[in-house]
$ cat final01.cif   # mmCIF, C-alpha atoms, pLDDT in the B column; chains and numbers go by the auth columns
data_coords
loop_
_atom_site.group_PDB
_atom_site.id
_atom_site.type_symbol
_atom_site.label_atom_id
_atom_site.label_comp_id
_atom_site.label_asym_id
_atom_site.label_seq_id
_atom_site.Cartn_x
_atom_site.Cartn_y
_atom_site.Cartn_z
_atom_site.B_iso_or_equiv
_atom_site.auth_seq_id
_atom_site.auth_asym_id
ATOM 1 C CA MET A 1 220.123 143.741 21.289 81.00 1 A
ATOM 2 C CA GLU A 2 217.963 141.092 22.531 86.00 2 A
ATOM 3 C CA LYS A 3 218.533 142.445 25.980 87.00 3 A
ATOM 4 C CA VAL A 4 217.526 145.937 24.919 88.00 4 A
ATOM 5 C CA ARG A 5 214.427 144.611 23.268 88.00 5 A
ATOM 6 C CA ILE A 6 213.417 142.741 26.439 91.00 6 A
ATOM 7 C CA GLN A 7 214.021 145.859 28.527 90.00 7 A
ATOM 8 C CA ILE A 8 211.922 147.917 26.134 91.00 8 A
ATOM 9 C CA GLU A 9 209.112 145.370 26.232 91.00 9 A
ATOM 10 C CA GLU A 10 209.347 145.266 30.019 92.00 10 A
ATOM 11 C CA MET A 11 209.114 149.088 30.144 93.00 11 A
ATOM 12 C CA GLN A 12 206.143 149.066 27.774 92.00 12 A
ATOM 13 C CA ARG A 13 204.444 146.444 29.883 93.00 13 A
ATOM 14 C CA ARG A 14 205.036 148.451 33.100 93.00 14 A
ATOM 15 C CA ASN A 15 203.877 151.652 31.420 93.00 15 A
ATOM 16 C CA SER A 16 200.856 149.856 30.057 93.00 16 A
ATOM 17 C CA MET A 17 200.013 148.545 33.539 94.00 17 A
ATOM 18 C CA ARG A 18 200.491 151.992 35.041 94.00 18 A
ATOM 19 C CA LEU A 19 198.249 153.516 32.371 93.00 19 A
ATOM 20 C CA THR A 20 195.623 150.808 32.931 94.00 20 A
ATOM 21 C CA ALA A 21 195.731 151.353 36.694 94.00 21 A
ATOM 22 C CA ALA A 22 195.529 155.145 36.231 93.00 22 A
ATOM 23 C CA TYR A 23 192.658 154.687 33.782 94.00 23 A
ATOM 24 C CA GLU A 24 190.745 152.455 36.241 95.00 24 A
ATOM 25 C CA LEU A 25 191.374 154.923 39.067 95.00 25 A
ATOM 26 C CA ILE A 26 190.122 157.824 36.937 95.00 26 A
ATOM 27 C CA ASN A 27 187.052 155.772 35.920 95.00 27 A
ATOM 28 C CA LYS A 28 186.287 154.997 39.589 95.00 28 A
ATOM 29 C CA ARG A 29 186.612 158.669 40.550 95.00 29 A
ATOM 30 C CA LEU A 30 184.512 159.720 37.557 95.00 30 A
ATOM 31 C CA LYS A 31 181.802 157.197 38.479 96.00 31 A
ATOM 32 C CA THR A 32 181.831 158.453 42.090 96.00 32 A
ATOM 33 C CA LYS A 33 181.471 162.049 40.889 96.00 33 A
ATOM 34 C CA GLU A 34 178.648 161.068 38.518 96.00 34 A
ATOM 35 C CA ASP A 35 176.839 159.334 41.408 96.00 35 A
ATOM 36 C CA GLU A 36 177.283 162.473 43.539 96.00 36 A
ATOM 37 C CA ILE A 37 175.924 164.648 40.705 96.00 37 A
ATOM 38 C CA HIS A 38 172.935 162.309 40.298 96.00 38 A
ATOM 39 C CA LYS A 39 172.191 162.495 44.057 96.00 39 A
ATOM 40 C CA ILE A 40 172.528 166.290 44.018 97.00 40 A
ATOM 41 C CA VAL A 41 170.117 166.507 41.048 96.00 41 A
ATOM 42 C CA GLU A 42 167.581 164.338 42.932 96.00 42 A
ATOM 43 C CA ILE A 43 167.938 166.484 46.067 96.00 43 A
ATOM 44 C CA ASN A 44 167.556 169.637 43.963 97.00 44 A
ATOM 45 C CA GLN A 45 164.360 168.282 42.367 96.00 45 A
ATOM 46 C CA SER A 46 163.022 167.334 45.784 96.00 46 A
ATOM 47 C CA LEU A 47 163.782 170.822 47.117 97.00 47 A
ATOM 48 C CA GLU A 48 162.117 172.445 44.095 96.00 48 A
ATOM 49 C CA GLU A 49 158.971 170.361 44.729 96.00 49 A
ATOM 50 C CA LYS A 50 159.009 171.407 48.393 96.00 50 A
ATOM 51 C CA VAL A 51 159.358 175.062 47.384 97.00 51 A
ATOM 52 C CA LYS A 52 156.361 174.708 45.032 96.00 52 A
ATOM 53 C CA SER A 53 154.230 173.017 47.696 96.00 53 A
ATOM 54 C CA MET A 54 155.241 175.601 50.304 97.00 54 A
ATOM 55 C CA THR A 55 154.373 178.412 47.866 96.00 55 A
ATOM 56 C CA ILE A 56 150.925 176.896 47.331 96.00 56 A
ATOM 57 C CA GLU A 57 150.486 176.378 51.075 96.00 57 A
ATOM 58 C CA ASN A 58 151.576 179.973 51.700 96.00 58 A
ATOM 59 C CA GLN A 59 148.973 181.220 49.227 96.00 59 A
ATOM 60 C CA ILE A 60 146.268 179.084 50.879 96.00 60 A
ATOM 61 C CA TRP A 61 147.176 180.469 54.318 96.00 61 A
ATOM 62 C CA ARG A 62 147.190 184.021 52.939 95.00 62 A
ATOM 63 C CA GLU A 63 143.720 183.543 51.432 95.00 63 A
ATOM 64 C CA LEU A 64 142.485 182.004 54.681 94.00 64 A
ATOM 65 C CA ALA A 65 143.880 184.953 56.633 94.00 65 A
ATOM 66 C CA GLN A 66 142.178 187.398 54.262 94.00 66 A
ATOM 67 C CA THR A 67 138.901 185.484 54.598 93.00 67 A
ATOM 68 C CA ASN A 68 139.197 185.498 58.386 93.00 68 A
ATOM 69 C CA GLU A 69 140.026 189.203 58.347 92.00 69 A
ATOM 70 C CA ALA A 70 136.976 189.922 56.195 92.00 70 A
ATOM 71 C CA THR A 71 134.818 187.819 58.520 91.00 71 A
ATOM 72 C CA ALA A 72 136.211 189.646 61.548 90.00 72 A
ATOM 73 C CA ASN A 73 135.487 193.007 59.899 88.00 73 A
ATOM 74 C CA ALA A 74 131.940 191.943 59.045 88.00 74 A
ATOM 75 C CA LEU A 75 131.367 190.707 62.593 89.00 75 A
ATOM 76 C CA ARG A 76 132.832 193.936 63.987 89.00 76 A
ATOM 77 C CA ASN A 77 130.477 195.978 61.769 86.00 77 A
ATOM 78 C CA ASN A 78 127.502 193.833 62.796 84.00 78 A
ATOM 79 C CA LEU A 79 128.429 194.234 66.447 86.00 79 A
ATOM 80 C CA GLN A 80 128.692 198.000 66.040 86.00 80 A
ATOM 81 C CA GLN A 81 125.281 198.082 64.339 85.00 81 A
ATOM 82 C CA VAL A 82 123.717 195.971 67.080 84.00 82 A
ATOM 83 C CA LEU A 83 125.278 198.148 69.780 85.00 83 A
ATOM 84 C CA ALA A 84 124.070 201.289 67.990 82.00 84 A
ATOM 85 C CA GLU A 85 120.568 199.797 67.659 83.00 85 A
ATOM 86 C CA ILE A 86 120.553 198.843 71.352 84.00 86 A
ATOM 87 C CA HIS A 87 121.687 202.341 72.254 81.00 87 A
ATOM 88 C CA PHE A 88 118.974 203.823 70.028 81.00 88 A
ATOM 89 C CA GLN A 89 116.328 201.533 71.533 80.00 89 A
ATOM 90 C CA GLN A 90 117.436 202.468 75.030 80.00 90 A
ATOM 91 C CA GLN A 91 117.151 206.130 74.134 78.00 91 A
ATOM 92 C CA GLU A 92 113.693 205.496 72.670 75.00 92 A
ATOM 93 C CA GLU A 93 112.622 203.593 75.788 75.00 93 A
ATOM 94 C CA ASN A 94 113.930 206.394 78.003 74.00 94 A
ATOM 95 C CA HIS A 95 112.120 208.918 75.830 71.00 95 A
ATOM 96 C CA LEU A 96 108.904 206.885 75.971 68.00 96 A
ATOM 97 C CA ARG A 97 109.201 206.534 79.753 67.00 97 A
ATOM 98 C CA THR A 98 109.767 210.240 80.347 66.00 98 A
ATOM 99 C CA ASN A 99 107.035 211.316 77.920 59.00 99 A
ATOM 100 C CA GLY A 100 104.696 208.513 78.960 51.00 100 A
ATOM 101 C CA ASN A 101 104.495 209.735 82.549 48.00 101 A
ATOM 102 C CA ASP A 102 102.898 213.056 81.608 45.00 102 A
ATOM 103 C CA GLU A 103 100.280 211.758 79.225 45.00 103 A
ATOM 104 C CA ASP A 104 99.640 208.862 76.897 46.00 104 A
ATOM 105 C CA ALA A 105 102.007 208.716 73.918 50.00 105 A
ATOM 106 C CA GLN A 106 100.628 210.078 70.691 53.00 106 A
ATOM 107 C CA SER A 107 101.064 208.498 67.293 54.00 107 A
ATOM 108 C CA GLN A 108 102.994 210.598 64.797 55.00 108 A
ATOM 109 C CA CYS A 109 100.857 209.518 61.865 56.00 109 A
ATOM 110 C CA GLY A 110 97.682 211.124 63.125 54.00 110 A
ATOM 111 C CA SER A 111 95.950 207.835 63.852 54.00 111 A
ATOM 112 C CA ASN A 112 95.346 208.604 67.522 48.00 112 A
ATOM 113 C CA GLN A 113 91.637 208.613 66.748 48.00 113 A
ATOM 114 C CA GLU A 114 90.729 212.075 68.022 46.00 114 A
ATOM 115 C CA ASP A 115 88.296 214.228 66.157 47.00 115 A
ATOM 116 C CA ASP A 116 88.786 217.932 65.362 48.00 116 A
ATOM 117 C CA SER A 117 87.249 219.048 68.648 48.00 117 A
ATOM 118 C CA GLY A 118 89.953 217.259 70.661 47.00 118 A
ATOM 119 C CA GLY A 119 87.672 214.500 72.013 45.00 119 A
ATOM 120 C CA GLU A 120 87.936 210.797 71.369 44.00 120 A
ATOM 121 C CA ARG A 121 86.546 209.736 68.019 45.00 121 A
ATOM 122 C CA LYS A 122 83.205 207.880 68.020 49.00 122 A
ATOM 123 C CA TYR A 123 82.848 204.870 65.731 46.00 123 A
ATOM 124 C CA ASP A 124 79.619 203.930 64.034 52.00 124 A
ATOM 125 C CA ASN A 125 78.425 200.335 63.730 53.00 125 A
ATOM 126 C CA ASN A 126 79.594 199.984 60.092 52.00 126 A
ATOM 127 C CA GLU A 127 83.182 200.843 61.051 46.00 127 A
ATOM 128 C CA VAL A 128 83.129 198.416 63.974 45.00 128 A
ATOM 129 C CA GLU A 129 81.756 195.631 61.773 51.00 129 A
ATOM 130 C CA TRP A 130 84.383 196.367 59.087 44.00 130 A
ATOM 131 C CA TYR A 131 87.161 196.285 61.697 44.00 131 A
ATOM 132 C CA ASN A 132 85.937 193.014 63.181 46.00 132 A
ATOM 133 C CA LYS A 133 85.622 191.462 59.728 48.00 133 A
ATOM 134 C CA ASN A 134 88.958 192.695 58.298 47.00 134 A
ATOM 135 C CA ARG A 135 91.202 192.844 61.320 48.00 135 A
ATOM 136 C CA ARG A 136 94.144 190.561 61.413 46.00 136 A
ATOM 137 C CA GLY A 137 94.357 190.532 65.172 59.00 137 A
ATOM 138 C CA ARG A 138 97.865 190.257 66.478 75.00 138 A
ATOM 139 C CA TRP A 139 99.329 188.750 63.304 84.00 139 A
ATOM 140 C CA CYS A 140 102.080 190.457 61.315 88.00 140 A
ATOM 141 C CA ARG A 141 100.726 192.726 58.587 88.00 141 A
ATOM 142 C CA LYS A 142 103.684 191.869 56.346 88.00 142 A
ATOM 143 C CA CYS A 143 103.868 188.051 56.402 89.00 143 A
ATOM 144 C CA GLY A 144 100.705 187.111 58.328 85.00 144 A
ATOM 145 C CA LYS A 145 102.525 184.088 59.783 88.00 145 A
ATOM 146 C CA GLU A 146 104.040 185.437 62.999 87.00 146 A
ATOM 147 C CA GLU A 147 102.519 187.403 65.845 87.00 147 A
ATOM 148 C CA SER A 148 103.144 191.171 65.730 87.00 148 A
ATOM 149 C CA SER A 149 105.866 191.981 68.227 89.00 149 A
ATOM 150 C CA VAL A 150 107.568 195.130 66.915 90.00 150 A
ATOM 151 C CA LEU A 151 106.313 198.649 67.543 89.00 151 A
ATOM 152 C CA LEU A 152 107.147 200.937 64.617 90.00 152 A
ATOM 153 C CA VAL A 153 108.456 204.433 65.361 89.00 153 A
ATOM 154 C CA PRO A 154 107.225 207.180 64.933 88.00 154 A
ATOM 155 C CA CYS A 155 103.642 206.005 64.232 88.00 155 A
ATOM 156 C CA ARG A 156 103.680 203.481 67.117 86.00 156 A
ATOM 157 C CA HIS A 157 101.704 200.786 65.342 88.00 157 A
ATOM 158 C CA LEU A 158 102.319 197.276 66.645 88.00 158 A
ATOM 159 C CA CYS A 159 101.899 195.570 63.298 88.00 159 A
ATOM 160 C CA VAL A 160 104.982 193.557 62.215 91.00 160 A
ATOM 161 C CA CYS A 161 106.929 190.583 63.547 91.00 161 A
ATOM 162 C CA ARG A 162 110.599 190.524 64.461 89.00 162 A
ATOM 163 C CA LEU A 163 111.440 188.745 61.189 91.00 163 A
ATOM 164 C CA CYS A 164 109.744 191.275 58.910 92.00 164 A
ATOM 165 C CA VAL A 165 110.803 194.513 60.639 90.00 165 A
ATOM 166 C CA SER A 166 114.075 194.696 58.688 90.00 166 A
ATOM 167 C CA ASN A 167 112.180 194.388 55.371 90.00 167 A
ATOM 168 C CA VAL A 168 109.650 197.130 56.132 90.00 168 A
ATOM 169 C CA ASP A 169 110.393 200.756 55.211 92.00 169 A
ATOM 170 C CA ASN A 170 106.857 202.076 55.713 92.00 170 A
ATOM 171 C CA CYS A 171 104.221 201.140 58.259 90.00 171 A
ATOM 172 C CA PRO A 172 101.752 198.652 56.697 88.00 172 A
ATOM 173 C CA VAL A 173 98.878 200.315 58.591 86.00 173 A
ATOM 174 C CA CYS A 174 99.368 204.027 57.873 89.00 174 A
ATOM 175 C CA ASN A 175 102.211 204.026 55.312 89.00 175 A
ATOM 176 C CA CYS A 176 104.252 206.329 57.582 90.00 176 A
ATOM 177 C CA VAL A 177 108.032 206.125 56.994 91.00 177 A
ATOM 178 C CA LYS A 178 109.585 203.880 59.647 90.00 178 A
ATOM 179 C CA SER A 179 112.567 205.343 61.514 89.00 179 A
ATOM 180 C CA ALA A 180 112.985 202.436 63.949 90.00 180 A
ATOM 181 C CA GLY A 181 111.341 199.376 65.388 90.00 181 A
ATOM 182 C CA VAL A 182 111.100 198.514 69.072 89.00 182 A
ATOM 183 C CA GLN A 183 110.680 194.894 70.145 87.00 183 A
ATOM 184 C CA VAL A 184 107.687 194.467 72.483 83.00 184 A
ATOM 185 C CA ASN A 185 107.534 191.402 74.718 78.00 185 A
ATOM 186 C CA MET A 186 103.939 190.476 75.441 67.00 186 A
ATOM 187 C CA GLY A 187 103.909 187.500 77.540 53.00 187 A
#
$ encode --input "final01.cif" --output "C-alpha cells"
Amino acid sequence: MEKVRIQIEEMQRRNSMRLTAAYELINKRLKTKEDEIHKIVEINQSLEEKVKSMTIENQIWRELAQTNEATANALRNNLQQVLAEIHFQQQEENHLRTNGNDEDAQSQCGSNQEDDSGGERKYDNNEVEWYNKNRRGRWCRKCGKEESSVLLVPCRHLCVCRLCVSNVDNCPVCNCVKSAGVQVNMG
C-alpha cells in the first residue's frame, strides 16, 4: 500500500509539473498574443491619424485647385476683355484714319463749334475770358490730378486720364454717353 501511495504521489507530482509547464507555456503564448494585439492597435491608431491628415491635406489641395481654377478663369476673362478692347481700339483707329483723310473728324455731341450757317463759330471776348479763367488745361476733368490722355468716343473730347476712364459713363464736358475711350500718347 505504501508503494501504491508513493506511485500515486509520484503521478500527482508529474501531473502537477506537466500542468504547471502547460500553464506557463499558455501564459507565454497569451502574453505574446497580447503584445501583438497592442502593437496592432498602435499601428491602427497611427494609420487612422494618417488617414485623417491625408483627408485634410486632400481638402486643402482641392480648395487650392478650385482657387487656382477661379483665378485662371478670371485671368482668361480679363485677357479676352483686353483683346476685345484692343480689337475695338484698332477698329476705331482704322475708322479714324480712313475718315480723317477726307476731312477733319467731327464730334458727335455737336460741340464742333460751327454756327448754323456752316462757318466756324466766332467767340466774343467774354467767352474767351471765361474759358481762360475756368479752363483746366490738360488736367483730367474727373480727378484733376492726372493729365488728360484718353479721347472719349463718340464726342471726341480729350478730358479724362487713363485711371478715370473706367469710372466715367458720360463725358464730363458735354455729358454725352461714352461708348469707348482711346488712349492718346502726347509726348
$ atom_distance --input "final01.cif" --atom1 "atom CA of A:Cys155" --atom2 "atom CA of A:Cys176"
6.7 Å
$ atom_distance --input "final01.cif" --atom1 "atom CA of A:Ser53" --atom2 "atom CA of A:Glu36"
25.7 Å
$ atom_distance --input "final01.cif" --atom1 "atom CA of A:Gln90" --atom2 "atom CA of A:Cys161"
19.6 Å
$ resolve_selection --input "final01.cif" --expression "the PyMOL selection byres ((chain A and resi 177) around 12)" --output "list in words"
Gln108, Cys109, Leu152, Val153, Pro154, Cys155, Arg156, His157, Val168, Asp169, Asn170, Cys171, Pro172, Val173, Cys174, Asn175, Cys176, Lys178, Ser179, Ala180 and Gly181 of chain A
$ residues_around --input "final01.cif" --residues "A:Val150" --least-positions-apart "4" --cutoff "7 Å" --atoms "only C-alpha atoms" --output "compact mmCIF listing (two decimals) with C-alpha atoms, keeping the file's coordinate frame"
# COMPACT_ATOMS: atom_id res chain seq x y z
CA LEU A 158 102.32 197.28 66.64
CA CYS A 159 101.90 195.57 63.30
CA VAL A 160 104.98 193.56 62.22
CA CYS A 161 106.93 190.58 63.55
CA ARG A 162 110.60 190.52 64.46
CA GLY A 181 111.34 199.38 65.39
CA VAL A 182 111.10 198.51 69.07
CA GLN A 183 110.68 194.89 70.14
CA VAL A 184 107.69 194.47 72.48
$ resolve_selection --input "final01.cif" --expression "the PyMOL selection byres ((chain A and resi 147) around 6)" --output "list in words"
Arg138, Trp139, Cys140, Glu146, Ser148 and Cys161 of chain A
$ write_last_selection --input "final01.cif" --atoms "C-alpha atoms" --output "PDB file, keeping the file's coordinate frame"
ATOM      1  CA  ARG A 138      97.865 190.257  66.478  1.00 75.00           C
ATOM      2  CA  TRP A 139      99.329 188.750  63.304  1.00 84.00           C
ATOM      3  CA  CYS A 140     102.080 190.457  61.315  1.00 88.00           C
ATOM      4  CA  GLU A 146     104.040 185.437  62.999  1.00 87.00           C
ATOM      5  CA  SER A 148     103.144 191.171  65.730  1.00 87.00           C
ATOM      6  CA  CYS A 161     106.929 190.583  63.547  1.00 91.00           C
TER       7      CYS A 161
END
$ decode --input "final01.cif" --residues "stretch 152-168 of chain A" --atoms "N, CA, C and O atoms" --output "PDB file, in the first residue's frame"
ATOM      1  N   LEU A 152     -12.533 110.430 -75.507  1.00  0.00           N
ATOM      2  CA  LEU A 152     -13.805 109.732 -75.371  1.00  0.00           C
ATOM      3  C   LEU A 152     -14.506 109.650 -76.717  1.00  0.00           C
ATOM      4  O   LEU A 152     -14.482 110.595 -77.501  1.00  0.00           O
ATOM      5  N   VAL A 153     -15.123 108.507 -76.980  1.00  0.00           N
ATOM      6  CA  VAL A 153     -15.862 108.281 -78.225  1.00  0.00           C
ATOM      7  C   VAL A 153     -17.320 108.180 -77.855  1.00  0.00           C
ATOM      8  O   VAL A 153     -17.654 107.513 -76.879  1.00  0.00           O
ATOM      9  N   PRO A 154     -18.254 108.819 -78.496  1.00  0.00           N
ATOM     10  CA  PRO A 154     -18.185 109.423 -79.820  1.00  0.00           C
ATOM     11  C   PRO A 154     -17.949 110.932 -79.817  1.00  0.00           C
ATOM     12  O   PRO A 154     -17.777 111.526 -80.871  1.00  0.00           O
ATOM     13  N   CYS A 155     -17.915 111.596 -78.653  1.00  0.00           N
ATOM     14  CA  CYS A 155     -17.827 113.062 -78.663  1.00  0.00           C
ATOM     15  C   CYS A 155     -16.417 113.565 -78.965  1.00  0.00           C
ATOM     16  O   CYS A 155     -16.229 114.718 -79.316  1.00  0.00           O
ATOM     17  N   ARG A 156     -15.416 112.743 -78.779  1.00  0.00           N
ATOM     18  CA  ARG A 156     -14.017 113.042 -79.077  1.00  0.00           C
ATOM     19  C   ARG A 156     -13.433 114.168 -78.224  1.00  0.00           C
ATOM     20  O   ARG A 156     -12.639 114.971 -78.697  1.00  0.00           O
ATOM     21  N   HIS A 157     -13.859 114.213 -76.971  1.00  0.00           N
ATOM     22  CA  HIS A 157     -13.253 115.157 -76.034  1.00  0.00           C
ATOM     23  C   HIS A 157     -12.097 114.462 -75.329  1.00  0.00           C
ATOM     24  O   HIS A 157     -12.235 113.351 -74.825  1.00  0.00           O
ATOM     25  N   LEU A 158     -10.956 115.115 -75.303  1.00  0.00           N
ATOM     26  CA  LEU A 158      -9.783 114.635 -74.593  1.00  0.00           C
ATOM     27  C   LEU A 158      -9.841 115.256 -73.200  1.00  0.00           C
ATOM     28  O   LEU A 158      -9.347 116.356 -72.972  1.00  0.00           O
ATOM     29  N   CYS A 159     -10.489 114.532 -72.257  1.00  0.00           N
ATOM     30  CA  CYS A 159     -10.797 115.200 -70.996  1.00  0.00           C
ATOM     31  C   CYS A 159     -10.631 114.320 -69.757  1.00  0.00           C
ATOM     32  O   CYS A 159     -10.889 114.785 -68.654  1.00  0.00           O
ATOM     33  N   VAL A 160     -10.222 113.058 -69.886  1.00  0.00           N
ATOM     34  CA  VAL A 160     -10.020 112.219 -68.706  1.00  0.00           C
ATOM     35  C   VAL A 160      -8.679 111.512 -68.802  1.00  0.00           C
ATOM     36  O   VAL A 160      -8.127 111.341 -69.881  1.00  0.00           O
ATOM     37  N   CYS A 161      -8.185 111.070 -67.632  1.00  0.00           N
ATOM     38  CA  CYS A 161      -6.911 110.347 -67.592  1.00  0.00           C
ATOM     39  C   CYS A 161      -7.163 108.853 -67.729  1.00  0.00           C
ATOM     40  O   CYS A 161      -8.296 108.391 -67.666  1.00  0.00           O
ATOM     41  N   ARG A 162      -6.096 108.106 -67.871  1.00  0.00           N
ATOM     42  CA  ARG A 162      -6.215 106.659 -68.068  1.00  0.00           C
ATOM     43  C   ARG A 162      -6.761 105.961 -66.831  1.00  0.00           C
ATOM     44  O   ARG A 162      -7.337 104.892 -66.921  1.00  0.00           O
ATOM     45  N   LEU A 163      -6.606 106.571 -65.646  1.00  0.00           N
ATOM     46  CA  LEU A 163      -7.114 105.965 -64.422  1.00  0.00           C
ATOM     47  C   LEU A 163      -8.617 106.163 -64.263  1.00  0.00           C
ATOM     48  O   LEU A 163      -9.308 105.309 -63.725  1.00  0.00           O
ATOM     49  N   CYS A 164      -9.120 107.293 -64.735  1.00  0.00           N
ATOM     50  CA  CYS A 164     -10.534 107.627 -64.529  1.00  0.00           C
ATOM     51  C   CYS A 164     -11.442 107.123 -65.648  1.00  0.00           C
ATOM     52  O   CYS A 164     -12.657 107.098 -65.476  1.00  0.00           O
ATOM     53  N   VAL A 165     -10.893 106.735 -66.791  1.00  0.00           N
ATOM     54  CA  VAL A 165     -11.737 106.409 -67.945  1.00  0.00           C
ATOM     55  C   VAL A 165     -12.700 105.264 -67.639  1.00  0.00           C
ATOM     56  O   VAL A 165     -13.833 105.256 -68.116  1.00  0.00           O
ATOM     57  N   SER A 166     -12.277 104.307 -66.793  1.00  0.00           N
ATOM     58  CA  SER A 166     -13.161 103.183 -66.493  1.00  0.00           C
ATOM     59  C   SER A 166     -14.297 103.579 -65.563  1.00  0.00           C
ATOM     60  O   SER A 166     -15.310 102.884 -65.485  1.00  0.00           O
ATOM     61  N   ASN A 167     -14.164 104.718 -64.855  1.00  0.00           N
ATOM     62  CA  ASN A 167     -15.198 105.171 -63.926  1.00  0.00           C
ATOM     63  C   ASN A 167     -16.137 106.203 -64.539  1.00  0.00           C
ATOM     64  O   ASN A 167     -17.006 106.717 -63.851  1.00  0.00           O
ATOM     65  N   VAL A 168     -15.929 106.542 -65.806  1.00  0.00           N
ATOM     66  CA  VAL A 168     -16.724 107.581 -66.448  1.00  0.00           C
ATOM     67  C   VAL A 168     -17.702 106.930 -67.419  1.00  0.00           C
ATOM     68  O   VAL A 168     -17.292 106.158 -68.285  1.00  0.00           O
TER      69      VAL A 168
END
